[in-house]
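Visitor: Next up is a structure, given as structure tokens.
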There are 4 protein chains.
Amino acid sequence: MAGGRPSVLLVRCPDRPGVSARSAGAVADAGGNIANADQHTDPESGLFLQRIEVDDGCDWDRLTRQLDAGALDLGWQWELHHPRTDVSIAVACSRELHCAADLLTRSSIGELGARVVALVSDRDDGDALAASFDLPVHHVSPTDADARDEQLAAALDAANPDLVVLARYMRIVDPSTCERWWGRMINIHHSFLPAFVGARPYHRAHERGVKLIGATAHYVTPDLDAGPIIAQDTVTVTHRDDVADLIAKGRDVERVVLARAVRLHLEHRVLVFGNRTCVFD
Amino acid sequence: MAGGRPSVLLVRCPDRPGVSARSAGAVADAGGNIANADQHTDPESGLFLQRIEVDDGCDWDRLTRQLDAGALDLGWQWELHHPRTDVSIAVACSRELHCAADLLTRSSIGELGARVVALVSDRDDGDALAASFDLPVHHVSPTDADARDEQLAAALDAANPDLVVLARYMRIVDPSTCERWWGRMINIHHSFLPAFVGARPYHRAHERGVKLIGATAHYVTPDLDAGPIIAQDTVTVTHRDDVADLIAKGRDVERVVLARAVRLHLEHRVLVFGNRTCVFD
Amino acid sequence: MAGGRPSVLLVRCPDRPGVSARSAGAVADAGGNIANADQHTDPESGLFLQRIEVDDGCDWDRLTRQLDAGALDLGWQWELHHPRTDVSIAVACSRELHCAADLLTRSSIGELGARVVALVSDRDDGDALAASFDLPVHHVSPTDADARDEQLAAALDAANPDLVVLARYMRIVDPSTCERWWGRMINIHHSFLPAFVGARPYHRAHERGVKLIGATAHYVTPDLDAGPIIAQDTVTVTHRDDVADLIAKGRDVERVVLARAVRLHLEHRVLVFGNRTCVFD
Amino acid sequence: MAGGRPSVLLVRCPDRPGVSARSAGAVADAGGNIANADQHTDPESGLFLQRIEVDDGCDWDRLTRQLDAGALDLGWQWELHHPRTDVSIAVACSRELHCAADLLTRSSIGELGARVVALVSDRDDGDALAASFDLPVHHVSPTDADARDEQLAAALDAANPDLVVLARYMRIVDPSTCERWWGRMINIHHSFLPAFVGARPYHRAHERGVKLIGATAHYVTPDLDAGPIIAQDTVTVTHRDDVADLIAKGRDVERVVLARAVRLHLEHRVLVFGNRTCVFD
């Protein structure tokens with residue numbers, strides 16, 4: 001366990017009186033100190049979601065037994081994540097390299113709390129970049145969709161990362177791969193969803209004459225650009241900005257929003273419920 | 001002419017070499033001083049758009065003759081707006097009063113450079129507010145669309161304002177009234193268009209699980225929420241925000257975006273071309 | 001108690017294991033349902049701060065007994081705020097009326113959850129505005145500081161509001177009045193503090209050539225512009241903006257930031273510790 | 001000349017009627033087409049500043065003669081910048097590598113319109129990063145200020161870049177080097193200036209309890225953090241953010257603001273007058 005950083009306990013169950021006291025009590029009973037705690041009850045689904053940071057020094061076995069007991073009594077699901085130093089990411093990209101390059105750079109200077117271990121691409125534009133960081137590139141077919149699906153699935157299985165990031169990978173991911181990596185595959189879409197779902201959002205933004213553009217990071221589901229949103233942001237544009245300017249300005253929003261979503265995910269701050277997310281930031 | 005503020009010259013024509021020199025030359029020839037100038041050439045349409053602020057002390061008659069000559073030579077259209085103290089606005093609202101109230105307040109404390117002279121509503125929620133500011137209310141039918149169309153048209157004709165503002169007036173405006181007030185009727189829509197066109201955008205934003213909401217001020221055209229956009233902004237939301245919270249947070253974005261659009265319009269900073277706007281801010 | 005809205009329980013004490021479980025347990029024991037809960041432990045001071053929204057239907061007497069017991073055992077301080085319909089605000093202003101006018105308007109349309117009951121001013125610029133809303137104005141001396149201090153203190157005592165808002169009241173408030181209303185008096189300062197403490201921040205911002213301006217809402221303490229910050233925001237400016245433009249653009253930031261701080265305070269979302277605030281938003 | 005991109009003409013002189021017409025006329029006379037034009041008159045200094053984008057196809061010799069004639073008649077200073085493919089940047093950094101790494105990455109994927117040709121550092125933290133991009137590192141003394149001044153001056157003279165970027169180089173640059181690279185040396189400061197000039201701004205921001213942090217890119221002058229500001233931005237923080245969180249969140253603002261300033265400078269969009277900048281964006 002990496003020194004200093006807390007462990008993260010996630011709890012989810014149908015809300016009922018006392019559930020919050022029970023989880024906090026379990027930590028207290030195990031001698032743990034709660035560094036931070038955040039919770040949310042979704043009024044529509046009646047779902048209770050909680051994230052607790054527990055400092056080192058807790059009796060983890062005792063806590064585990066208490067959490068198992070709570071699972072029986074209250075029907076909660078729980079996860080306990082201890083800090084790790086070997087978290088890994090696979091990045092898929094295509095022609096636009098800024099998001100992949102940004103993640104590689106952050107990984108390289110130790111900012112991400114994770115290491116990029118593989119790059120997947122349907123093009124060779126990113127080869128030089130990967131070489132700079134001594135990273136293997138898994139090429140997938142740019143033309144044959146079936147072959148590409150298989151190659152992507154195989155590459156991800158081989159890399160076996162904790163997280164897959166589609167960093168402007170401009171291909172549809174087949175449903176079985178979406179299913180296989182559900183909740184562990186993040187995409188950056190270059191618009192403030194749900195506006196401009198699909199291809200060429202900056203072109204359509206220009207055509208519509210919007211005064212701001214944006215980016216959205218979301219978990220990937222088989223429905224195109226419709227998965228649970230983790231992070232979004234926008235930036236102002238003007239009539240002076242042609243499509244090339246929108247693309248250039250958009251890059252900065254994309255990379256920052258994507259890196260934020262990756263960080264939030266890796267710190268176990270994102271809980272998905274239905275098609276929405278609870279982000280304990 | 002109100003002392004101190006500059007006059008505004010707007011020029012528009014197909015772009016060609018020398019047109020910018022010609023308009024600046026016309027002002028110089030008339031002894032005018034250019035306090036500010038901004039121009040834009042739209043590369044797609046080839047349209048040249050220019051806004052020039054001319055200080056008082058210009059020979060306006062001479063400038064007018066020069067501009068007319070330019071219209072013959074270069075085919076430009078021009079408008080010259082001297083500062084006025086009697087600019088008037090008609091505001092239409094419905095149940096949600098925050099936008100109308102904000103405009104009334106700004107008008108009242110002299111912040112808007114214009115006076116709200118009439119309130120139109122299909123409900124009586126705004127009557128007390130209007131009474132506070134000694135403002136007449138024109139009631140239009142909440143149930144009979146044809147009657148409402150006529151009543152709205154009549155109310156606007158009677159008030160004869162420089163600008164009509166739909167400040168959360170939740171009714172469709174009929175095409176002939178749209179046409180009648182083309183380029184002089186601004187609507188605030190409570191989403192970042194083109195996302196969530198139409199009714200209940202905050203409900204749909206909540207359902208989609210977006211992480212930001214927004215507002216859009218645009219000129220009204222017969223196509224619902226599809227007119228030229230003047231101003232937009234967004235604000236961050238979280239999983240903690242239910243629909244009521246989105247509505248509450250959205251109010252601040254709506255009123256600020258709408259007031260900004262009204263100011264930009266009244267200062268002749270917005271030029272419409274196609275379905276887009278050039279905003280010389 | 002106003003139907004629908006939850007009561008708010010605030011707890012503060014030196015952090016120790018189990019304190020969070022104890023407060024949640026107290027609510028559960030009293031049959032209360034926790035609609036929302038948020039907590040924070042300040043690592044430097046070791047202070048534990050908690051805000052719990054409890055739905056109606058709780059046995060408040062039983063909860064009170066439990067909280068008193070916790071005060072004995074754990075040394076916590078607690079406050080329990082039931083929703084009220086008679087929350088009142090006194091607003092102090094001077095020459096610039098936009099913030100006062102905004103609060104009055106929001107109060108008038110029921111957006112604030114509180115009623116503005118008195119206006120204090122060292123000038124008569126706001127008299128017409130107050131008259132529009134049938135509000136008494138307490139005039140304080142524009143020239144005699146000692147008299148002004150007494151008049152302000154008397155006016156606030158007479159109005160006896162839940163909250164005092166200095167809405168661009170450009171006078172120093174004497175230490176005893178600061179002390180008297182500690183934690184219940186909010187000021188809006190027209191800069192992003194700590195930049196441009198004191199007079200004429202927009203002039204100094206223009207001189208320094210900054211590319212953004214801002215506003216800060218904070219609790220008032222005897223140290224000028226140095227009290228605990230509740231909310232801040234900024235807006236972009238350019239070389240085109242002269243001081244008058246900065247002032248105009250700044251107004252929208254000021255009123256939105258101030259209204260946000262007032263709302264956060266009235267919903268018991270702001271806990272002061274040291275010279276900082278915990279904002280449970 | 002790089003195909004496609006326009007040349008940039010910059011004009012500056014005391015404002016007088018007709019100057020704008022004269023520069024536009026010069027371009028028209030030389031058969032040039034104005035793709036974009038922007039101008040500003042500073043009311044305090046009476047200075048006229050103009051930026052004109054001229055499409056290829058202009059008779060540059062004829063334009064030059066016209067501009068020289070204008071210099072005689074109107075006393076203007078002009079610069080004409082044709083697009084280049086060999087623009088170079090030297091980057092200085094220290095322990096925090098995110099800004100340097102970001103510029104290197106952008107340079108590497110062709111996003112910057114310039115190549116980073118040298119890295120200067122008083123530490124060896126950046127050596128691995130530089131090696132990834134096959135970039136020489138000039139080490140300067142971490143302990144001996146006089147030696148460091150000489151080594152920095154020598155390294156910059158050797159690299160002879162178009163632009164020097166201090167990318168979290170945490171050392172004072174001596175006045176003669178400031179002078180030598182005046183208007184061609186950009187620093188990123190990790191606060192929204194003028195707040196938190198000098199060392200440890202995030203620590204001081206945390207201590208003050210601010211609700212937003214920011215970053216400022218400015219030209220370097222001998223006065224610490226007091227040079228003309230090019231770009232600034234802020235990001236929201238909360239009570240949950242400790243100093244480490246501020247530093248982490250700040251990184252994204254720093255790198256985006258710095259990259260924006262570099263782009264604006266390289267596109268000749270920034271004109272310095274007095275201690276302020278005109279940014280024709």
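By order in the structure tokens, chains are A, B, ...; within a chain, residues start at 1; ligands start at 1, following the order shown.
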Skipping near chain neighbours, those fewer than 4 positions away, what residues fall within 12 Å of Asp42 (chain A) using only C-alpha atoms, listed as a ChimeraX atom specification?
Guide: /A:12-16,46-50,271-274,276-278 /B:206,239-243 /C:34-36
Visitor: Grab the residues selected above and save them as a PDB file, in the first residue's frame with C-alpha atoms.
Guide:
ATOM      1  CA  ARG A  12     -24.034   1.580  -2.473  1.00  0.00           C
ATOM      2  CA  CYS A  13     -27.502   0.342  -1.515  1.00  0.00           C
ATOM      3  CA  PRO A  14     -31.151   1.340  -1.396  1.00  0.00           C
ATOM      4  CA  ASP A  15     -31.362   4.235   1.034  1.00  0.00           C
ATOM      5  CA  ARG A  16     -32.825   3.632   4.477  1.00  0.00           C
ATOM      6  CA  GLY A  46     -33.753   5.912  -3.784  1.00  0.00           C
ATOM      7  CA  LEU A  47     -30.158   4.812  -4.139  1.00  0.00           C
ATOM      8  CA  PHE A  48     -27.611   5.616  -1.428  1.00  0.00           C
ATOM      9  CA  LEU A  49     -24.018   6.172  -2.572  1.00  0.00           C
ATOM     10  CA  GLN A  50     -21.088   6.836  -0.289  1.00  0.00           C
ATOM     11  CA  LEU A 271     -19.963   6.104  -9.092  1.00  0.00           C
ATOM     12  CA  VAL A 272     -22.281   5.229 -11.948  1.00  0.00           C
ATOM     13  CA  PHE A 273     -25.992   4.850 -11.299  1.00  0.00           C
ATOM     14  CA  GLY A 274     -28.392   4.372 -14.160  1.00  0.00           C
ATOM     15  CA  ARG A 276     -25.673   9.132 -14.620  1.00  0.00           C
ATOM     16  CA  THR A 277     -22.647   9.600 -12.430  1.00  0.00           C
ATOM     17  CA  CYS A 278     -22.071  10.710  -8.915  1.00  0.00           C
TER      18      CYS A 278
ATOM     19  CA  HIS B 206     -31.029  16.282 -15.406  1.00  0.00           C
ATOM     20  CA  HIS B 239     -25.034  15.070  -9.030  1.00  0.00           C
ATOM     21  CA  ARG B 240     -26.278  16.936  -5.956  1.00  0.00           C
ATOM     22  CA  ASP B 241     -28.358  19.263  -8.115  1.00  0.00           C
ATOM     23  CA  ASP B 242     -31.877  18.041  -8.683  1.00  0.00           C
ATOM     24  CA  VAL B 243     -34.126  19.660 -11.283  1.00  0.00           C
TER      25      VAL B 243
ATOM     26  CA  ILE C  34     -30.800  11.957   6.115  1.00  0.00           C
ATOM     27  CA  ALA C  35     -31.627  13.603   2.795  1.00  0.00           C
ATOM     28  CA  ASN C  36     -28.073  14.826   2.301  1.00  0.00           C
TER      29      ASN C  36
END
Visitor: Select, as an MDAnalysis selection string, those residues of chain B with any atom no more than 6 Å from chain D (distances computed using only C-alpha atoms).
Guide: chainID B and resid 17:18 21 24:25 28 33 38
Visitor: Output the selection as an mmCIF file, in the first residue's frame - N, CA and C atoms for each residue.
Guide:
data_model
loop_
_atom_site.group_PDB
_atom_site.id
_atom_site.type_symbol
_atom_site.label_atom_id
_atom_site.label_comp_id
_atom_site.auth_asym_id
_atom_site.auth_seq_id
_atom_site.Cartn_x
_atom_site.Cartn_y
_atom_site.Cartn_z
ATOM 1 N N PRO B 17 -10.845 44.139 -52.182
ATOM 2 C CA PRO B 17 -9.731 44.966 -51.727
ATOM 3 C C PRO B 17 -10.125 46.443 -51.702
ATOM 4 N N GLY B 18 -9.778 47.123 -50.641
ATOM 5 C CA GLY B 18 -9.973 48.560 -50.586
ATOM 6 C C GLY B 18 -11.216 48.992 -49.849
ATOM 7 N N ALA B 21 -10.428 50.515 -46.471
ATOM 8 C CA ALA B 21 -9.806 51.828 -46.613
ATOM 9 C C ALA B 21 -10.850 52.876 -46.989
ATOM 10 N N ALA B 24 -13.018 53.864 -43.820
ATOM 11 C CA ALA B 24 -12.193 54.658 -42.908
ATOM 12 C C ALA B 24 -11.884 56.013 -43.529
ATOM 13 N N GLY B 25 -11.651 56.005 -44.838
ATOM 14 C CA GLY B 25 -11.374 57.261 -45.533
ATOM 15 C C GLY B 25 -12.562 58.205 -45.510
ATOM 16 N N ALA B 28 -12.580 59.884 -42.194
ATOM 17 C CA ALA B 28 -11.490 60.848 -42.112
ATOM 18 C C ALA B 28 -11.817 62.095 -42.926
ATOM 19 N N ASN B 33 -13.252 61.353 -36.043
ATOM 20 C CA ASN B 33 -12.211 60.552 -35.407
ATOM 21 C C ASN B 33 -12.779 59.176 -35.057
ATOM 22 N N ASP B 38 -13.804 47.812 -35.805
ATOM 23 C CA ASP B 38 -13.660 46.365 -35.826
ATOM 24 C C ASP B 38 -14.293 45.895 -37.121
#
Visitor: Just asking: which residues within region 47-252 of chain B are strand (DSSP E or B) according to DSSP, as a PyMOL selection string?
Guide: chain B and resi 47-54+77-81+88-93+115-121+137-139+163-166+185-189+212-219+229-236
Visitor: Fewer than 3 positions away in the same chain doesn't count, so skip those; otherwise give me all residues within 9 Å of region 217-221 of chain B, counting only C-alpha atoms, as number ranges by chain.
Guide: B: 166, 173, 175, 178-179, 181-190, 224-232, 254, 257-258, 260-262
Visitor: Just N, CA and C atoms for this one: save the residues we selected as a CSV table (one decimal), in the first residue's frame.
Guide:
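Listing of selection-v4.csv after writing:
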chain,number,residue,atom,x,y,z
B,166,LEU,N,-38.1,38.4,-25.3
B,166,LEU,CA,-38.9,37.3,-24.8
B,166,LEU,C,-38.2,36.8,-23.6
B,173,VAL,N,-44.2,32.1,-30.9
B,173,VAL,CA,-44.5,33.4,-31.5
B,173,VAL,C,-44.8,33.1,-33.0
B,175,PRO,N,-45.3,33.2,-37.0
B,175,PRO,CA,-44.4,33.6,-38.0
B,175,PRO,C,-44.5,35.0,-38.4
B,178,CYS,N,-42.8,37.1,-35.9
B,178,CYS,CA,-41.4,36.9,-36.0
B,178,CYS,C,-40.8,37.7,-37.2
B,179,GLU,N,-41.5,37.7,-38.3
B,179,GLU,CA,-41.1,38.4,-39.5
B,179,GLU,C,-41.1,39.9,-39.2
B,181,TRP,N,-40.8,41.6,-36.5
B,181,TRP,CA,-39.7,42.1,-35.6
B,181,TRP,C,-38.4,41.4,-35.9
B,182,TRP,N,-38.2,40.9,-37.1
B,182,TRP,CA,-37.0,40.3,-37.4
B,182,TRP,C,-35.7,41.1,-37.1
B,183,GLY,N,-34.8,40.5,-36.3
B,183,GLY,CA,-33.6,41.3,-36.0
B,183,GLY,C,-33.8,42.2,-34.8
B,184,ARG,N,-35.0,42.3,-34.3
B,184,ARG,CA,-35.3,43.2,-33.2
B,184,ARG,C,-36.1,42.5,-32.1
B,185,MET,N,-36.0,41.2,-32.1
B,185,MET,CA,-36.7,40.4,-31.1
B,185,MET,C,-35.7,39.3,-30.6
B,186,ILE,N,-35.4,39.4,-29.3
B,186,ILE,CA,-34.4,38.5,-28.7
B,186,ILE,C,-35.1,37.6,-27.7
B,187,ASN,N,-34.8,36.3,-27.8
B,187,ASN,CA,-35.3,35.3,-26.9
B,187,ASN,C,-34.2,34.7,-26.0
B,188,ILE,N,-34.5,34.4,-24.8
B,188,ILE,CA,-33.6,33.6,-23.9
B,188,ILE,C,-34.1,32.2,-23.8
B,189,HIS,N,-33.2,31.3,-24.2
B,189,HIS,CA,-33.6,29.9,-24.1
B,189,HIS,C,-32.7,29.3,-23.0
B,190,HIS,N,-33.3,28.5,-22.1
B,190,HIS,CA,-32.6,28.0,-21.0
B,190,HIS,C,-31.9,26.7,-21.2
B,224,LEU,N,-38.2,27.2,-34.2
B,224,LEU,CA,-38.1,27.2,-32.7
B,224,LEU,C,-36.6,27.1,-32.3
B,225,ASP,N,-36.1,28.0,-31.5
B,225,ASP,CA,-34.8,28.0,-30.9
B,225,ASP,C,-33.7,27.8,-31.9
B,226,ALA,N,-33.9,28.2,-33.1
B,226,ALA,CA,-32.9,28.0,-34.2
B,226,ALA,C,-32.4,29.3,-34.7
B,227,GLY,N,-32.8,30.5,-34.2
B,227,GLY,CA,-32.3,31.7,-34.7
B,227,GLY,C,-30.9,32.0,-34.4
B,228,PRO,N,-30.4,33.1,-35.0
B,228,PRO,CA,-28.9,33.5,-34.8
B,228,PRO,C,-28.6,33.7,-33.3
B,229,ILE,N,-27.6,33.1,-32.9
B,229,ILE,CA,-27.2,33.2,-31.5
B,229,ILE,C,-26.3,34.4,-31.2
B,230,ILE,N,-26.7,35.1,-30.2
B,230,ILE,CA,-26.0,36.3,-29.8
B,230,ILE,C,-25.0,36.1,-28.6
B,231,ALA,N,-25.5,35.3,-27.6
B,231,ALA,CA,-24.6,35.1,-26.4
B,231,ALA,C,-25.0,33.8,-25.8
B,232,GLN,N,-24.1,33.1,-25.2
B,232,GLN,CA,-24.3,31.9,-24.5
B,232,GLN,C,-23.3,31.8,-23.3
B,254,GLU,N,-29.2,32.6,-17.2
B,254,GLU,CA,-30.2,33.2,-18.1
B,254,GLU,C,-30.2,34.7,-18.0
B,257,VAL,N,-26.9,36.3,-19.4
B,257,VAL,CA,-26.7,36.1,-20.8
B,257,VAL,C,-27.7,37.0,-21.5
B,258,LEU,N,-29.0,37.0,-21.0
B,258,LEU,CA,-30.0,37.9,-21.7
B,258,LEU,C,-29.6,39.3,-21.6
B,260,ARG,N,-26.7,40.6,-21.3
B,260,ARG,CA,-25.6,40.9,-22.2
B,260,ARG,C,-26.0,41.0,-23.6
B,261,ALA,N,-26.9,40.1,-24.1
B,261,ALA,CA,-27.3,40.2,-25.4
B,261,ALA,C,-28.1,41.5,-25.7
B,262,VAL,N,-28.9,41.9,-24.8
B,262,VAL,CA,-29.7,43.1,-24.9
B,262,VAL,C,-28.7,44.3,-25.1
Visitor: To one decimal place, how far is CA of Leu163 (chain D) from CA of Ala259 (chain A) in Å?
Guide: 28.2 Å
